[in-house]
Amino acid sequence: MSRRRYVAKGIPGGYRIWDNTARRWWGELYELCPDDLLDELNGARDHDRITVLLKRYRAAKR
């Protein structure tokens with residue numbers, strides 16, 4: 001099994017998404033672990049679904 005490209009890492013204050021290929025953070029700081037978003041990024045990579053998930057996790061931050 002290959003290594004996952006995107007993984008969630010716990011940091012003080014929440015979670016960040018780490019891009020193993022680019023070796024940098026992707027996205028914003030999330031208070032809740034973005035499991036659905038990670039599954040989509042590592043799986044089908046449907047742009048519309050990723051956009052919906054990003055909006056949902058941003059709204060949960062407020």
# chains A, B, ... in the order shown; residues from 1 in each chain; ligands from 1
$ select_by_dssp --residues "chain A" --states "alpha helix (DSSP H)" --output "PyMOL selection string"
chain A and resi 35-42+47-61
$ write_last_selection --atoms "N, CA, C and O atoms" --output "PDB file, in the first residue's frame"
ATOM      1  N   ASP A  35     -11.803  14.398   8.713  1.00  0.00           N
ATOM      2  CA  ASP A  35     -11.699  13.047   8.156  1.00  0.00           C
ATOM      3  C   ASP A  35     -12.304  12.935   6.755  1.00  0.00           C
ATOM      4  O   ASP A  35     -11.706  12.334   5.866  1.00  0.00           O
ATOM      5  N   ASP A  36     -13.504  13.505   6.549  1.00  0.00           N
ATOM      6  CA  ASP A  36     -14.158  13.432   5.240  1.00  0.00           C
ATOM      7  C   ASP A  36     -13.319  14.123   4.170  1.00  0.00           C
ATOM      8  O   ASP A  36     -13.194  13.630   3.047  1.00  0.00           O
ATOM      9  N   LEU A  37     -12.763  15.259   4.525  1.00  0.00           N
ATOM     10  CA  LEU A  37     -11.939  16.020   3.591  1.00  0.00           C
ATOM     11  C   LEU A  37     -10.682  15.231   3.217  1.00  0.00           C
ATOM     12  O   LEU A  37     -10.305  15.170   2.049  1.00  0.00           O
ATOM     13  N   LEU A  38     -10.052  14.607   4.190  1.00  0.00           N
ATOM     14  CA  LEU A  38      -8.856  13.805   3.912  1.00  0.00           C
ATOM     15  C   LEU A  38      -9.175  12.626   3.010  1.00  0.00           C
ATOM     16  O   LEU A  38      -8.408  12.313   2.092  1.00  0.00           O
ATOM     17  N   ASP A  39     -10.305  11.968   3.267  1.00  0.00           N
ATOM     18  CA  ASP A  39     -10.700  10.838   2.425  1.00  0.00           C
ATOM     19  C   ASP A  39     -10.894  11.283   0.978  1.00  0.00           C
ATOM     20  O   ASP A  39     -10.507  10.578   0.041  1.00  0.00           O
ATOM     21  N   GLU A  40     -11.492  12.442   0.790  1.00  0.00           N
ATOM     22  CA  GLU A  40     -11.728  12.949  -0.572  1.00  0.00           C
ATOM     23  C   GLU A  40     -10.411  13.364  -1.237  1.00  0.00           C
ATOM     24  O   GLU A  40     -10.198  13.094  -2.419  1.00  0.00           O
ATOM     25  N   LEU A  41      -9.522  14.012  -0.492  1.00  0.00           N
ATOM     26  CA  LEU A  41      -8.240  14.436  -1.057  1.00  0.00           C
ATOM     27  C   LEU A  41      -7.381  13.239  -1.467  1.00  0.00           C
ATOM     28  O   LEU A  41      -6.695  13.277  -2.487  1.00  0.00           O
ATOM     29  N   ASN A  42      -7.411  12.183  -0.668  1.00  0.00           N
ATOM     30  CA  ASN A  42      -6.608  10.999  -0.965  1.00  0.00           C
ATOM     31  C   ASN A  42      -7.315  10.028  -1.905  1.00  0.00           C
ATOM     32  O   ASN A  42      -6.700   9.130  -2.451  1.00  0.00           O
ATOM     33  N   HIS A  47     -13.459  17.938  -7.241  1.00  0.00           N
ATOM     34  CA  HIS A  47     -13.309  19.360  -6.895  1.00  0.00           C
ATOM     35  C   HIS A  47     -14.548  19.911  -6.213  1.00  0.00           C
ATOM     36  O   HIS A  47     -14.452  20.639  -5.220  1.00  0.00           O
ATOM     37  N   ASP A  48     -15.727  19.589  -6.725  1.00  0.00           N
ATOM     38  CA  ASP A  48     -16.964  20.111  -6.141  1.00  0.00           C
ATOM     39  C   ASP A  48     -17.173  19.591  -4.724  1.00  0.00           C
ATOM     40  O   ASP A  48     -17.570  20.345  -3.837  1.00  0.00           O
ATOM     41  N   ARG A  49     -16.894  18.336  -4.501  1.00  0.00           N
ATOM     42  CA  ARG A  49     -17.046  17.742  -3.162  1.00  0.00           C
ATOM     43  C   ARG A  49     -16.032  18.356  -2.191  1.00  0.00           C
ATOM     44  O   ARG A  49     -16.367  18.635  -1.045  1.00  0.00           O
ATOM     45  N   ILE A  50     -14.801  18.586  -2.638  1.00  0.00           N
ATOM     46  CA  ILE A  50     -13.779  19.202  -1.790  1.00  0.00           C
ATOM     47  C   ILE A  50     -14.204  20.612  -1.395  1.00  0.00           C
ATOM     48  O   ILE A  50     -14.053  21.015  -0.238  1.00  0.00           O
ATOM     49  N   THR A  51     -14.772  21.356  -2.321  1.00  0.00           N
ATOM     50  CA  THR A  51     -15.241  22.705  -2.050  1.00  0.00           C
ATOM     51  C   THR A  51     -16.341  22.702  -0.988  1.00  0.00           C
ATOM     52  O   THR A  51     -16.322  23.519  -0.063  1.00  0.00           O
ATOM     53  N   VAL A  52     -17.288  21.769  -1.103  1.00  0.00           N
ATOM     54  CA  VAL A  52     -18.369  21.657  -0.124  1.00  0.00           C
ATOM     55  C   VAL A  52     -17.800  21.330   1.256  1.00  0.00           C
ATOM     56  O   VAL A  52     -18.202  21.920   2.263  1.00  0.00           O
ATOM     57  N   LEU A  53     -16.852  20.405   1.313  1.00  0.00           N
ATOM     58  CA  LEU A  53     -16.266  20.024   2.597  1.00  0.00           C
ATOM     59  C   LEU A  53     -15.461  21.166   3.217  1.00  0.00           C
ATOM     60  O   LEU A  53     -15.515  21.375   4.429  1.00  0.00           O
ATOM     61  N   LEU A  54     -14.730  21.906   2.390  1.00  0.00           N
ATOM     62  CA  LEU A  54     -13.977  23.054   2.906  1.00  0.00           C
ATOM     63  C   LEU A  54     -14.913  24.084   3.522  1.00  0.00           C
ATOM     64  O   LEU A  54     -14.638  24.613   4.600  1.00  0.00           O
ATOM     65  N   LYS A  55     -16.030  24.369   2.865  1.00  0.00           N
ATOM     66  CA  LYS A  55     -16.989  25.330   3.383  1.00  0.00           C
ATOM     67  C   LYS A  55     -17.591  24.835   4.691  1.00  0.00           C
ATOM     68  O   LYS A  55     -17.802  25.615   5.622  1.00  0.00           O
ATOM     69  N   ARG A  56     -17.855  23.538   4.776  1.00  0.00           N
ATOM     70  CA  ARG A  56     -18.437  22.981   6.002  1.00  0.00           C
ATOM     71  C   ARG A  56     -17.469  23.092   7.171  1.00  0.00           C
ATOM     72  O   ARG A  56     -17.850  23.497   8.267  1.00  0.00           O
ATOM     73  N   TYR A  57     -16.202  22.778   6.947  1.00  0.00           N
ATOM     74  CA  TYR A  57     -15.224  22.851   8.039  1.00  0.00           C
ATOM     75  C   TYR A  57     -14.884  24.296   8.417  1.00  0.00           C
ATOM     76  O   TYR A  57     -14.609  24.581   9.566  1.00  0.00           O
ATOM     77  N   ARG A  58     -14.931  25.214   7.457  1.00  0.00           N
ATOM     78  CA  ARG A  58     -14.738  26.623   7.782  1.00  0.00           C
ATOM     79  C   ARG A  58     -15.900  27.144   8.622  1.00  0.00           C
ATOM     80  O   ARG A  58     -15.695  27.931   9.562  1.00  0.00           O
ATOM     81  N   ALA A  59     -17.114  26.741   8.289  1.00  0.00           N
ATOM     82  CA  ALA A  59     -18.288  27.183   9.043  1.00  0.00           C
ATOM     83  C   ALA A  59     -18.273  26.620  10.460  1.00  0.00           C
ATOM     84  O   ALA A  59     -18.730  27.288  11.392  1.00  0.00           O
ATOM     85  N   ALA A  60     -17.727  25.435  10.644  1.00  0.00           N
ATOM     86  CA  ALA A  60     -17.660  24.830  11.978  1.00  0.00           C
ATOM     87  C   ALA A  60     -16.687  25.579  12.867  1.00  0.00           C
ATOM     88  O   ALA A  60     -16.737  25.476  14.088  1.00  0.00           O
ATOM     89  N   LYS A  61     -15.783  26.328  12.255  1.00  0.00           N
ATOM     90  CA  LYS A  61     -14.774  27.089  13.011  1.00  0.00           C
ATOM     91  C   LYS A  61     -15.379  28.303  13.685  1.00  0.00           C
ATOM     92  O   LYS A  61     -14.869  28.783  14.676  1.00  0.00           O
TER      93      LYS A  61
END
$ residues_around --residues "Trp26 of chain A" --least-positions-apart "2" --cutoff "12 Å" --atoms "only C-alpha atoms" --output "PyMOL selection string"
chain A and resi 5-9+15-24+28-30+37-38+41+54
$ select_by_dssp --residues "chain A" --states "strand (DSSP E)" --output "PyMOL selection string"
chain A and resi 6-11+14-19+24-30
$ write_last_selection --atoms "N, CA and C atoms" --output "PDB file, in the first residue's frame"
ATOM      1  N   TYR A   6      -1.992  13.168   1.745  1.00  0.00           N
ATOM      2  CA  TYR A   6      -2.461  14.144   2.727  1.00  0.00           C
ATOM      3  C   TYR A   6      -2.767  13.445   4.048  1.00  0.00           C
ATOM      4  N   VAL A   7      -2.271  13.997   5.136  1.00  0.00           N
ATOM      5  CA  VAL A   7      -2.547  13.468   6.473  1.00  0.00           C
ATOM      6  C   VAL A   7      -2.867  14.626   7.411  1.00  0.00           C
ATOM      7  N   ALA A   8      -3.714  14.354   8.410  1.00  0.00           N
ATOM      8  CA  ALA A   8      -4.034  15.362   9.418  1.00  0.00           C
ATOM      9  C   ALA A   8      -3.062  15.210  10.574  1.00  0.00           C
ATOM     10  N   LYS A   9      -2.511  16.321  11.010  1.00  0.00           N
ATOM     11  CA  LYS A   9      -1.594  16.313  12.147  1.00  0.00           C
ATOM     12  C   LYS A   9      -2.154  17.232  13.218  1.00  0.00           C
ATOM     13  N   GLY A  10      -2.174  16.720  14.433  1.00  0.00           N
ATOM     14  CA  GLY A  10      -2.654  17.510  15.553  1.00  0.00           C
ATOM     15  C   GLY A  10      -1.599  18.523  15.974  1.00  0.00           C
ATOM     16  N   ILE A  11      -2.014  19.753  16.107  1.00  0.00           N
ATOM     17  CA  ILE A  11      -1.139  20.825  16.572  1.00  0.00           C
ATOM     18  C   ILE A  11      -1.892  21.580  17.657  1.00  0.00           C
ATOM     19  N   GLY A  14      -5.828  22.654  17.284  1.00  0.00           N
ATOM     20  CA  GLY A  14      -6.623  21.921  16.307  1.00  0.00           C
ATOM     21  C   GLY A  14      -5.806  20.994  15.428  1.00  0.00           C
ATOM     22  N   TYR A  15      -6.161  20.963  14.148  1.00  0.00           N
ATOM     23  CA  TYR A  15      -5.522  20.090  13.180  1.00  0.00           C
ATOM     24  C   TYR A  15      -5.111  20.877  11.948  1.00  0.00           C
ATOM     25  N   ARG A  16      -4.036  20.455  11.315  1.00  0.00           N
ATOM     26  CA  ARG A  16      -3.614  20.986  10.010  1.00  0.00           C
ATOM     27  C   ARG A  16      -3.443  19.801   9.072  1.00  0.00           C
ATOM     28  N   ILE A  17      -3.568  20.033   7.782  1.00  0.00           N
ATOM     29  CA  ILE A  17      -3.379  18.986   6.790  1.00  0.00           C
ATOM     30  C   ILE A  17      -1.981  19.125   6.215  1.00  0.00           C
ATOM     31  N   TRP A  18      -1.204  18.049   6.282  1.00  0.00           N
ATOM     32  CA  TRP A  18       0.162  18.025   5.793  1.00  0.00           C
ATOM     33  C   TRP A  18       0.193  17.326   4.439  1.00  0.00           C
ATOM     34  N   ASP A  19       0.823  17.945   3.448  1.00  0.00           N
ATOM     35  CA  ASP A  19       0.994  17.384   2.109  1.00  0.00           C
ATOM     36  C   ASP A  19       2.369  16.724   2.063  1.00  0.00           C
ATOM     37  N   ARG A  24       4.624  20.492   2.795  1.00  0.00           N
ATOM     38  CA  ARG A  24       4.163  21.757   3.362  1.00  0.00           C
ATOM     39  C   ARG A  24       2.724  21.585   3.829  1.00  0.00           C
ATOM     40  N   TRP A  25       2.260  22.562   4.612  1.00  0.00           N
ATOM     41  CA  TRP A  25       0.885  22.540   5.090  1.00  0.00           C
ATOM     42  C   TRP A  25      -0.056  22.870   3.954  1.00  0.00           C
ATOM     43  N   TRP A  26      -1.242  22.249   3.956  1.00  0.00           N
ATOM     44  CA  TRP A  26      -2.271  22.505   2.963  1.00  0.00           C
ATOM     45  C   TRP A  26      -3.499  22.991   3.702  1.00  0.00           C
ATOM     46  N   GLY A  27      -4.104  24.066   3.257  1.00  0.00           N
ATOM     47  CA  GLY A  27      -5.335  24.549   3.862  1.00  0.00           C
ATOM     48  C   GLY A  27      -5.100  25.343   5.133  1.00  0.00           C
ATOM     49  N   GLU A  28      -6.117  25.344   5.967  1.00  0.00           N
ATOM     50  CA  GLU A  28      -6.145  26.169   7.166  1.00  0.00           C
ATOM     51  C   GLU A  28      -6.050  25.309   8.419  1.00  0.00           C
ATOM     52  N   LEU A  29      -6.129  25.965   9.565  1.00  0.00           N
ATOM     53  CA  LEU A  29      -6.214  25.285  10.853  1.00  0.00           C
ATOM     54  C   LEU A  29      -7.675  24.894  11.075  1.00  0.00           C
ATOM     55  N   TYR A  30      -7.906  23.625  11.411  1.00  0.00           N
ATOM     56  CA  TYR A  30      -9.256  23.129  11.664  1.00  0.00           C
ATOM     57  C   TYR A  30      -9.374  22.725  13.121  1.00  0.00           C
TER      58      TYR A  30
END
$ decode --residues "segment 26-49 of chain A" --atoms "N, CA and C atoms" --output "short mmCIF file (atom, residue, chain, number, x, y, z; two decimals), in the first residue's frame"
data_model
loop_
_atom_site.label_atom_id
_atom_site.label_comp_id
_atom_site.auth_asym_id
_atom_site.auth_seq_id
_atom_site.Cartn_x
_atom_site.Cartn_y
_atom_site.Cartn_z
N TRP A 26 -1.24 22.25 3.96
CA TRP A 26 -2.27 22.51 2.96
C TRP A 26 -3.50 22.99 3.70
N GLY A 27 -4.10 24.07 3.26
CA GLY A 27 -5.34 24.55 3.86
C GLY A 27 -5.10 25.34 5.13
N GLU A 28 -6.12 25.34 5.97
CA GLU A 28 -6.15 26.17 7.17
C GLU A 28 -6.05 25.31 8.42
N LEU A 29 -6.13 25.96 9.56
CA LEU A 29 -6.21 25.29 10.85
C LEU A 29 -7.68 24.89 11.08
N TYR A 30 -7.91 23.62 11.41
CA TYR A 30 -9.26 23.13 11.66
C TYR A 30 -9.37 22.72 13.12
N GLU A 31 -10.49 23.08 13.77
CA GLU A 31 -10.70 22.71 15.16
C GLU A 31 -11.05 21.23 15.28
N LEU A 32 -11.81 20.71 14.34
CA LEU A 32 -12.18 19.30 14.32
C LEU A 32 -11.35 18.58 13.26
N CYS A 33 -11.07 17.30 13.49
CA CYS A 33 -10.29 16.54 12.52
C CYS A 33 -11.10 16.38 11.23
N PRO A 34 -10.59 16.84 10.09
CA PRO A 34 -11.34 16.81 8.83
C PRO A 34 -11.23 15.45 8.12
N ASP A 35 -11.80 14.40 8.71
CA ASP A 35 -11.70 13.05 8.16
C ASP A 35 -12.30 12.93 6.75
N ASP A 36 -13.50 13.51 6.55
CA ASP A 36 -14.16 13.43 5.24
C ASP A 36 -13.32 14.12 4.17
N LEU A 37 -12.76 15.26 4.53
CA LEU A 37 -11.94 16.02 3.59
C LEU A 37 -10.68 15.23 3.22
N LEU A 38 -10.05 14.61 4.19
CA LEU A 38 -8.86 13.80 3.91
C LEU A 38 -9.17 12.63 3.01
N ASP A 39 -10.30 11.97 3.27
CA ASP A 39 -10.70 10.84 2.42
C ASP A 39 -10.89 11.28 0.98
N GLU A 40 -11.49 12.44 0.79
CA GLU A 40 -11.73 12.95 -0.57
C GLU A 40 -10.41 13.36 -1.24
N LEU A 41 -9.52 14.01 -0.49
CA LEU A 41 -8.24 14.44 -1.06
C LEU A 41 -7.38 13.24 -1.47
N ASN A 42 -7.41 12.18 -0.67
CA ASN A 42 -6.61 11.00 -0.96
C ASN A 42 -7.32 10.03 -1.90
N GLY A 43 -8.61 10.21 -2.11
CA GLY A 43 -9.39 9.29 -2.92
C GLY A 43 -9.75 9.85 -4.28
N ALA A 44 -11.02 10.16 -4.45
CA ALA A 44 -11.56 10.56 -5.76
C ALA A 44 -11.11 11.93 -6.22
N ARG A 45 -10.82 12.84 -5.32
CA ARG A 45 -10.37 14.20 -5.63
C ARG A 45 -11.38 14.99 -6.47
N ASP A 46 -12.66 14.84 -6.14
CA ASP A 46 -13.72 15.57 -6.83
C ASP A 46 -13.72 17.02 -6.34
N HIS A 47 -13.46 17.94 -7.24
CA HIS A 47 -13.31 19.36 -6.90
C HIS A 47 -14.55 19.91 -6.21
N ASP A 48 -15.73 19.59 -6.72
CA ASP A 48 -16.96 20.11 -6.14
C ASP A 48 -17.17 19.59 -4.72
N ARG A 49 -16.89 18.34 -4.50
CA ARG A 49 -17.05 17.74 -3.16
C ARG A 49 -16.03 18.36 -2.19
#
